[in-house]
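Okay, structure first, notes after.
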Amino acid sequence: MGEYCKVLIIDDEQIMRQGIKHIMDWEKEGFLIVGEAKDGKEGLKMVKECSPHIVLADIVMPVMDGMEFSMRLQKECPGVKLIILSSYDKFEYVKTALLNGASDYILKPMLNAQSLLKTLLDTAAKIPDVQFCREGKTSYEMQLTRYMGGYQARLDNRVFAGKLPHPVYRILGVGLKSMPKEKPAAVRRKIENTFREFAGFPMLSVVPKEDSLCLIINYRDEEDADCHGRILSFADKMKQYDNNFFAALSWAYTDFQETRMVFLDGVQKTLSLKFYFPGKSLVILEEQLQKQKREKFEFELYSRYLENLELDEAVLMFLSYIEGLAKMHEDEYKIKNLAKNLLFNYFVEMERIGGAGEETRDRCFREIDTSEDVEAFLAVIRKYVPKPGVSEGRQCDLTHIHMEKMKEYIETHYTEDLKLMDLARQFGFSYSYTSTCFKENTVEGFSGYLNKIRIGKAKSELLHTAKTISEVGSEVGYTDQSYFCRVFKKMTGVSPGRYRKKAGRET
């Protein structure tokens, strides 16, 4: 009957690798995919580990491209056949690869099941002294892989009846991202062998995604508690092997056709949430995870709080939102980036008022990026953002400093056409914050305080110079003499002329 023709796929695009894997029923056609790699360097290592007959390799890849790979393959593994994958504009590279020993090429835009199969069969026919089977049967693993990945509509229950004879199923998913950097096949064998030590149930294993291994467990109704206990023991054992071990056990189900849904809506989602289960090696699900809708953050209100230095309100908004996302188990990448985006605005305001600067911000962001779980992440947030109430004394001190600076500015610029908005812009404050500062820290407010300074200067001018009332008014900032006289009388009780005469008699 012969053997399967073993194929290795090398391409830096995961979507391309997945597409090739599921473009046809490989085993039924007599081929077996023995591995995949994302660049030529990794691919060359896997050629020596997996001993493929044929390699499918992209011509353009990082680290080691297809041209260098073809030369190294020809030199180090001359018996392995190479098929180059290329786009139209890289055809000159293809010629070079063919000269370096490649057997054939496929243009990516033209890639389909028929063209790929023809090229594989033509290349396999060039391999001497090896007979490949053509009437192969699709393995259990390949059928499950195709089904759980969405490339096959249904599973044939009859095909799996002999392997999984009992009425109840669960999926035990193991995250492979953080497992030891050994050979993937070795890690998989370790997991499967350890599971068999404890389980004693019928089981099929499959790798539906590159970063997860799924064990389909089959048992009787009355064995459910026993199943739980054995899997807990398995998880403890694996935790000893690797402290980063993390697994998710699905809820029980009885319709084998639900396998894909249980994987996607339960196991896969939970494996992606390792960030939210610090210290745990196993999460047991008893129902489908529900998608929660994230509320929109009121960014304009948050910005207004920061501009007005209403720090407690801004911090409360920020912490409430981020902690809410954490409770919803928001995607790790998203919650970290949302936090950094909002904190960026916070640090900009802090730097403007003399608080934490760019160095502190960058340190905070680095610690957020490297936080391994939600507890560490929230600890970083609380380390750099004061709790509501803690900032109150600091805010009062800052307001006092700001008021003194603005009063000094008015003392030296009172002769100008000075308005509240001009003053706010001068110091980089919002209009409302500047207005609030004057209302809460002066009796008169901004306009009253400015008039007090101007009239005080005018009184001095009237007493110590012979300037006309119009000249005095103009010099202290009033362009309209009648308005100057009204303001002067309102604040002193007498007109400018009367004030001068009265003061003159008293002296």
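Chain lettering (A, B, ...) mirrors the order of the structure tokens, residue numbering begins at 1 for each chain separately, and ligand numbering begins at 1 in order of display.
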
Excluding Ile10 (chain A) and any residue of its chain fewer than 3 positions from it, enumerate the residues within 12 Å of it, using only C-alpha atoms, and give them as a VMD selection string. chain A and resid 7 13 to 18 20 to 21 33 to 47 54 to 62 64 to 66 69 to 70 82 to 85

Env of Glu192 (chain A): 9 Å cut, atoms = only C-alpha atoms, seq-sep filter 4 positions within chain, self excluded. Answer as a ChimeraX atom specification. /A:187-188,196-197,205,215

The selected residues should be written to file as a PDB file, in the first residue's frame (atoms: all heavy atoms).
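Just written: again04.pdb:
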```pdb
ATOM      1  N   VAL A 187       6.276  18.227  23.609  1.00  0.00           N
ATOM      2  CA  VAL A 187       5.359  18.823  24.581  1.00  0.00           C
ATOM      3  C   VAL A 187       4.001  18.142  24.488  1.00  0.00           C
ATOM      4  O   VAL A 187       3.372  17.813  25.510  1.00  0.00           O
ATOM      5  CB  VAL A 187       5.221  20.338  24.345  1.00  0.00           C
ATOM      6  CG1 VAL A 187       4.131  20.925  25.241  1.00  0.00           C
ATOM      7  CG2 VAL A 187       6.541  21.049  24.608  1.00  0.00           C
ATOM      8  N   ARG A 188       3.560  17.917  23.276  1.00  0.00           N
ATOM      9  CA  ARG A 188       2.263  17.262  23.092  1.00  0.00           C
ATOM     10  C   ARG A 188       2.268  15.848  23.673  1.00  0.00           C
ATOM     11  O   ARG A 188       1.317  15.446  24.358  1.00  0.00           O
ATOM     12  CB  ARG A 188       1.913  17.227  21.607  1.00  0.00           C
ATOM     13  CG  ARG A 188       0.573  16.562  21.320  1.00  0.00           C
ATOM     14  CD  ARG A 188       0.180  16.672  19.866  1.00  0.00           C
ATOM     15  NE  ARG A 188      -1.061  15.981  19.612  1.00  0.00           N
ATOM     16  CZ  ARG A 188      -1.673  15.929  18.442  1.00  0.00           C
ATOM     17  NH1 ARG A 188      -1.143  16.566  17.411  1.00  0.00           N
ATOM     18  NH2 ARG A 188      -2.803  15.272  18.283  1.00  0.00           N
ATOM     19  N   ARG A 196      -3.131  10.392  30.224  1.00  0.00           N
ATOM     20  CA  ARG A 196      -3.501   8.971  30.240  1.00  0.00           C
ATOM     21  C   ARG A 196      -3.190   8.329  31.590  1.00  0.00           C
ATOM     22  O   ARG A 196      -3.877   7.397  32.020  1.00  0.00           O
ATOM     23  CB  ARG A 196      -2.780   8.237  29.120  1.00  0.00           C
ATOM     24  CG  ARG A 196      -3.301   8.579  27.722  1.00  0.00           C
ATOM     25  CD  ARG A 196      -2.728   7.662  26.660  1.00  0.00           C
ATOM     26  NE  ARG A 196      -3.213   8.016  25.344  1.00  0.00           N
ATOM     27  CZ  ARG A 196      -2.552   8.783  24.486  1.00  0.00           C
ATOM     28  NH1 ARG A 196      -1.361   9.280  24.813  1.00  0.00           N
ATOM     29  NH2 ARG A 196      -3.061   9.075  23.305  1.00  0.00           N
ATOM     30  N   GLU A 197      -2.182   8.822  32.268  1.00  0.00           N
ATOM     31  CA  GLU A 197      -1.828   8.287  33.594  1.00  0.00           C
ATOM     32  C   GLU A 197      -2.990   8.445  34.574  1.00  0.00           C
ATOM     33  O   GLU A 197      -3.211   7.598  35.432  1.00  0.00           O
ATOM     34  CB  GLU A 197      -0.612   9.028  34.164  1.00  0.00           C
ATOM     35  CG  GLU A 197       0.704   8.689  33.505  1.00  0.00           C
ATOM     36  CD  GLU A 197       1.836   9.520  34.108  1.00  0.00           C
ATOM     37  OE1 GLU A 197       1.705   9.935  35.279  1.00  0.00           O
ATOM     38  OE2 GLU A 197       2.824   9.768  33.400  1.00  0.00           O
ATOM     39  N   SER A 205      -7.011  13.392  20.709  1.00  0.00           N
ATOM     40  CA  SER A 205      -6.341  14.695  20.819  1.00  0.00           C
ATOM     41  C   SER A 205      -6.255  15.358  19.456  1.00  0.00           C
ATOM     42  O   SER A 205      -6.161  14.694  18.430  1.00  0.00           O
ATOM     43  CB  SER A 205      -4.933  14.530  21.405  1.00  0.00           C
ATOM     44  OG  SER A 205      -4.084  13.857  20.511  1.00  0.00           O
ATOM     45  N   LEU A 215      -8.054  17.867  24.119  1.00  0.00           N
ATOM     46  CA  LEU A 215      -8.299  16.452  24.372  1.00  0.00           C
ATOM     47  C   LEU A 215      -9.806  16.263  24.467  1.00  0.00           C
ATOM     48  O   LEU A 215     -10.451  16.838  25.353  1.00  0.00           O
ATOM     49  CB  LEU A 215      -7.619  16.018  25.670  1.00  0.00           C
ATOM     50  CG  LEU A 215      -6.123  16.345  25.789  1.00  0.00           C
ATOM     51  CD1 LEU A 215      -5.602  15.947  27.156  1.00  0.00           C
ATOM     52  CD2 LEU A 215      -5.323  15.663  24.691  1.00  0.00           C
TER      53      LEU A 215
END
```

If you run DSSP on this backbone, which residues of region 78-313 of chain A come out as helix (DSSP H, G or I), and could you give them as a ChimeraX atom specification? /A:88-99,108-110,113-124,140-148,157-161,184-198,221-241,256-271,274-276,299-307,311-313

Restricting the output to C-alpha atoms, write the selected residues as a JSON list (two decimals), in the first residue's frame.
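Output file out-v6.json follows:
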```json
[["chain", "number", "residue", "atom", "x", "y", "z"],
["A", 88, "TYR", "CA", 4.03, 37.30, -9.66],
["A", 89, "ASP", "CA", 6.48, 40.10, -8.88],
["A", 90, "LYS", "CA", 9.02, 37.73, -7.28],
["A", 91, "PHE", "CA", 9.39, 35.44, -10.28],
["A", 92, "GLU", "CA", 13.11, 36.27, -10.70],
["A", 93, "TYR", "CA", 13.61, 34.85, -7.22],
["A", 94, "VAL", "CA", 11.77, 31.69, -8.27],
["A", 95, "LYS", "CA", 14.22, 31.18, -11.16],
["A", 96, "THR", "CA", 17.13, 31.43, -8.74],
["A", 97, "ALA", "CA", 15.45, 28.96, -6.37],
["A", 98, "LEU", "CA", 14.91, 26.51, -9.24],
["A", 99, "LEU", "CA", 18.59, 26.78, -10.08],
["A", 108, "LYS", "CA", 0.09, 32.18, -4.72],
["A", 109, "PRO", "CA", -2.65, 34.02, -6.65],
["A", 110, "MET", "CA", -3.27, 30.81, -8.62],
["A", 113, "ALA", "CA", -6.74, 22.51, -4.36],
["A", 114, "GLN", "CA", -6.36, 21.18, -7.90],
["A", 115, "SER", "CA", -3.13, 23.02, -8.77],
["A", 116, "LEU", "CA", -1.58, 22.21, -5.40],
["A", 117, "LEU", "CA", -2.46, 18.51, -5.60],
["A", 118, "LYS", "CA", -1.12, 18.24, -9.16],
["A", 119, "THR", "CA", 2.18, 19.88, -8.19],
["A", 120, "LEU", "CA", 2.50, 17.66, -5.11],
["A", 121, "LEU", "CA", 1.81, 14.48, -7.11],
["A", 122, "ASP", "CA", 4.31, 15.49, -9.82],
["A", 123, "THR", "CA", 6.94, 16.22, -7.16],
["A", 124, "ALA", "CA", 6.24, 13.01, -5.23],
["A", 140, "TYR", "CA", -9.60, 11.05, 13.30],
["A", 141, "GLU", "CA", -7.31, 13.94, 14.18],
["A", 142, "MET", "CA", -7.45, 15.52, 10.72],
["A", 143, "GLN", "CA", -11.25, 15.26, 10.58],
["A", 144, "LEU", "CA", -11.54, 16.92, 14.00],
["A", 145, "THR", "CA", -8.99, 19.59, 13.06],
["A", 146, "ARG", "CA", -10.87, 20.47, 9.90],
["A", 147, "TYR", "CA", -14.24, 20.46, 11.70],
["A", 148, "MET", "CA", -13.16, 22.52, 14.71],
["A", 157, "ASN", "CA", -20.70, 10.23, 14.40],
["A", 158, "ARG", "CA", -20.41, 6.67, 13.10],
["A", 159, "VAL", "CA", -16.73, 7.15, 12.28],
["A", 160, "PHE", "CA", -15.98, 8.17, 15.88],
["A", 161, "ALA", "CA", -18.34, 5.69, 17.58],
["A", 184, "PRO", "CA", 6.11, 20.89, 19.90],
["A", 185, "ALA", "CA", 5.73, 17.15, 19.35],
["A", 186, "ALA", "CA", 7.57, 16.42, 22.61],
["A", 187, "VAL", "CA", 5.36, 18.82, 24.58],
["A", 188, "ARG", "CA", 2.26, 17.26, 23.09],
["A", 189, "ARG", "CA", 3.41, 13.74, 23.97],
["A", 190, "LYS", "CA", 4.14, 14.86, 27.53],
["A", 191, "ILE", "CA", 0.60, 16.26, 27.91],
["A", 192, "GLU", "CA", -1.08, 13.22, 26.35],
["A", 193, "ASN", "CA", 0.96, 10.68, 28.32],
["A", 194, "THR", "CA", 0.41, 12.51, 31.61],
["A", 195, "PHE", "CA", -3.32, 12.72, 30.92],
["A", 196, "ARG", "CA", -3.50, 8.97, 30.24],
["A", 197, "GLU", "CA", -1.83, 8.29, 33.59],
["A", 198, "PHE", "CA", -4.74, 9.87, 35.43],
["A", 221, "ASP", "CA", -23.02, 9.95, 33.03],
["A", 222, "GLU", "CA", -22.17, 8.41, 36.39],
["A", 223, "GLU", "CA", -18.45, 9.08, 35.87],
["A", 224, "ASP", "CA", -18.70, 12.88, 35.86],
["A", 225, "ALA", "CA", -17.39, 13.44, 39.41],
["A", 226, "ASP", "CA", -14.61, 10.91, 38.80],
["A", 227, "CYS", "CA", -13.72, 12.75, 35.57],
["A", 228, "HIS", "CA", -13.39, 16.05, 37.47],
["A", 229, "GLY", "CA", -11.16, 14.53, 40.11],
["A", 230, "ARG", "CA", -8.83, 12.85, 37.63],
["A", 231, "ILE", "CA", -8.46, 16.00, 35.55],
["A", 232, "LEU", "CA", -7.64, 18.03, 38.67],
["A", 233, "SER", "CA", -4.89, 15.51, 39.46],
["A", 234, "PHE", "CA", -3.64, 15.77, 35.88],
["A", 235, "ALA", "CA", -3.52, 19.58, 36.11],
["A", 236, "ASP", "CA", -1.57, 19.43, 39.38],
["A", 237, "LYS", "CA", 0.95, 17.07, 37.81],
["A", 238, "MET", "CA", 1.38, 19.29, 34.76],
["A", 239, "LYS", "CA", 1.81, 22.33, 37.02],
["A", 240, "GLN", "CA", 4.85, 20.57, 38.51],
["A", 241, "TYR", "CA", 6.23, 20.02, 35.01],
["A", 256, "PHE", "CA", -20.90, 15.27, 19.29],
["A", 257, "GLN", "CA", -21.83, 17.83, 16.62],
["A", 258, "GLU", "CA", -21.55, 20.54, 19.32],
["A", 259, "THR", "CA", -17.79, 19.95, 19.59],
["A", 260, "ARG", "CA", -16.86, 22.99, 17.49],
["A", 261, "MET", "CA", -19.24, 25.33, 19.36],
["A", 262, "VAL", "CA", -18.01, 24.11, 22.75],
["A", 263, "PHE", "CA", -14.42, 24.67, 21.67],
["A", 264, "LEU", "CA", -14.98, 28.15, 20.21],
["A", 265, "ASP", "CA", -17.42, 29.56, 22.79],
["A", 266, "GLY", "CA", -15.95, 27.91, 25.85],
["A", 267, "VAL", "CA", -12.47, 26.42, 25.72],
["A", 268, "GLN", "CA", -10.79, 28.77, 23.24],
["A", 269, "LYS", "CA", -12.21, 31.90, 24.92],
["A", 270, "THR", "CA", -11.09, 30.73, 28.35],
["A", 271, "LEU", "CA", -7.57, 29.86, 27.19],
["A", 274, "LYS", "CA", -5.17, 33.23, 31.29],
["A", 275, "PHE", "CA", -4.36, 36.85, 32.26],
["A", 276, "TYR", "CA", -7.44, 36.82, 34.53],
["A", 299, "PHE", "CA", -13.66, 60.75, 27.19],
["A", 300, "GLU", "CA", -14.78, 64.38, 26.87],
["A", 301, "LEU", "CA", -15.92, 64.47, 30.50],
["A", 302, "TYR", "CA", -12.69, 62.80, 31.63],
["A", 303, "SER", "CA", -10.63, 65.38, 29.69],
["A", 304, "ARG", "CA", -12.64, 68.22, 31.20],
["A", 305, "TYR", "CA", -12.01, 66.91, 34.70],
["A", 306, "LEU", "CA", -8.28, 66.76, 33.98],
["A", 307, "GLU", "CA", -8.16, 70.23, 32.44],
["A", 311, "LEU", "CA", -8.32, 64.97, 39.81],
["A", 312, "ASP", "CA", -10.52, 62.91, 42.13],
["A", 313, "GLU", "CA", -13.34, 62.89, 39.59]]
```

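For the choices A:Glu332, A:Glu349, A:Glu461, A:Asp422, the atom-to-atom distance to Asp373 (chain A) is smallest for A:Glu332 when using only C-alpha atoms.
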
Determine which residues of region 35-162 of chain A DSSP labels as strand (DSSP E or B) from the backbone of this structure, then write them out as a VMD selection string. chain A and resid 35 to 37 54 to 58 81 to 86 104 to 107 132

Next, dump the selected residues to file, keeping only N, CA, C and O atoms, as a CSV table (one decimal), in the first residue's frame.
```
chain,number,residue,atom,x,y,z
A,35,GLY,N,4.4,19.2,9.9
A,35,GLY,CA,4.7,20.4,10.6
A,35,GLY,C,4.6,21.6,9.8
A,35,GLY,O,4.3,21.6,8.6
A,36,GLU,N,4.8,22.8,10.5
A,36,GLU,CA,4.8,24.1,9.8
A,36,GLU,C,5.8,25.0,10.5
A,36,GLU,O,6.0,24.8,11.7
A,37,ALA,N,6.3,26.0,9.8
A,37,ALA,CA,7.3,26.9,10.4
A,37,ALA,C,7.0,28.3,9.8
A,37,ALA,O,6.4,28.4,8.7
A,54,ILE,N,8.6,16.4,1.2
A,54,ILE,CA,8.4,17.6,0.4
A,54,ILE,C,8.3,18.8,1.3
A,54,ILE,O,7.6,18.7,2.4
A,55,VAL,N,8.9,19.9,0.9
A,55,VAL,CA,8.7,21.2,1.7
A,55,VAL,C,8.0,22.2,0.8
A,55,VAL,O,8.4,22.4,-0.4
A,56,LEU,N,6.9,22.8,1.3
A,56,LEU,CA,6.3,24.0,0.6
A,56,LEU,C,6.8,25.2,1.3
A,56,LEU,O,6.6,25.4,2.5
A,57,ALA,N,7.5,26.1,0.6
A,57,ALA,CA,8.1,27.3,1.3
A,57,ALA,C,7.9,28.5,0.5
A,57,ALA,O,8.1,28.6,-0.7
A,58,ASP,N,7.5,29.6,1.2
A,58,ASP,CA,7.3,30.9,0.6
A,58,ASP,C,8.7,31.4,0.2
A,58,ASP,O,9.7,31.1,0.9
A,81,LYS,N,12.5,17.3,-1.4
A,81,LYS,CA,12.1,18.1,-2.5
A,81,LYS,C,11.4,19.4,-2.1
A,81,LYS,O,10.8,19.4,-1.0
A,82,LEU,N,11.7,20.5,-2.8
A,82,LEU,CA,11.2,21.8,-2.5
A,82,LEU,C,10.3,22.3,-3.5
A,82,LEU,O,10.6,22.3,-4.7
A,83,ILE,N,9.1,22.8,-3.1
A,83,ILE,CA,8.1,23.5,-3.9
A,83,ILE,C,8.1,25.0,-3.4
A,83,ILE,O,7.8,25.2,-2.3
A,84,ILE,N,8.3,25.9,-4.3
A,84,ILE,CA,8.4,27.3,-3.9
A,84,ILE,C,7.0,28.0,-4.1
A,84,ILE,O,6.3,27.7,-5.1
A,85,LEU,N,6.6,28.8,-3.1
A,85,LEU,CA,5.4,29.6,-3.2
A,85,LEU,C,5.8,31.0,-3.5
A,85,LEU,O,6.6,31.6,-2.8
A,86,SER,N,5.2,31.6,-4.5
A,86,SER,CA,5.6,33.0,-4.9
A,86,SER,C,4.5,33.8,-5.4
A,86,SER,O,3.5,33.3,-5.9
A,104,ASP,N,9.8,22.6,-8.1
A,104,ASP,CA,8.7,23.3,-8.8
A,104,ASP,C,8.3,24.5,-8.0
A,104,ASP,O,8.8,24.8,-7.0
A,105,TYR,N,7.3,25.2,-8.6
A,105,TYR,CA,6.8,26.4,-7.9
A,105,TYR,C,5.3,26.6,-8.1
A,105,TYR,O,4.7,26.0,-9.1
A,106,ILE,N,4.7,27.3,-7.2
A,106,ILE,CA,3.2,27.6,-7.4
A,106,ILE,C,3.1,29.1,-7.1
A,106,ILE,O,3.6,29.7,-6.1
A,107,LEU,N,2.4,29.8,-8.0
A,107,LEU,CA,2.1,31.2,-7.8
A,107,LEU,C,0.9,31.3,-6.8
A,107,LEU,O,-0.2,30.7,-7.0
A,132,PHE,N,4.1,5.8,-2.5
A,132,PHE,CA,3.1,6.5,-1.6
A,132,PHE,C,1.7,6.0,-1.9
A,132,PHE,O,1.3,5.7,-3.0
```

Quick one, how far is CA of Leu342 (chain A) from CA of Phe365 (chain A)?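 Going from CA of Leu342 (chain A) over to CA of Phe365 (chain A), I get 11.3 Å.
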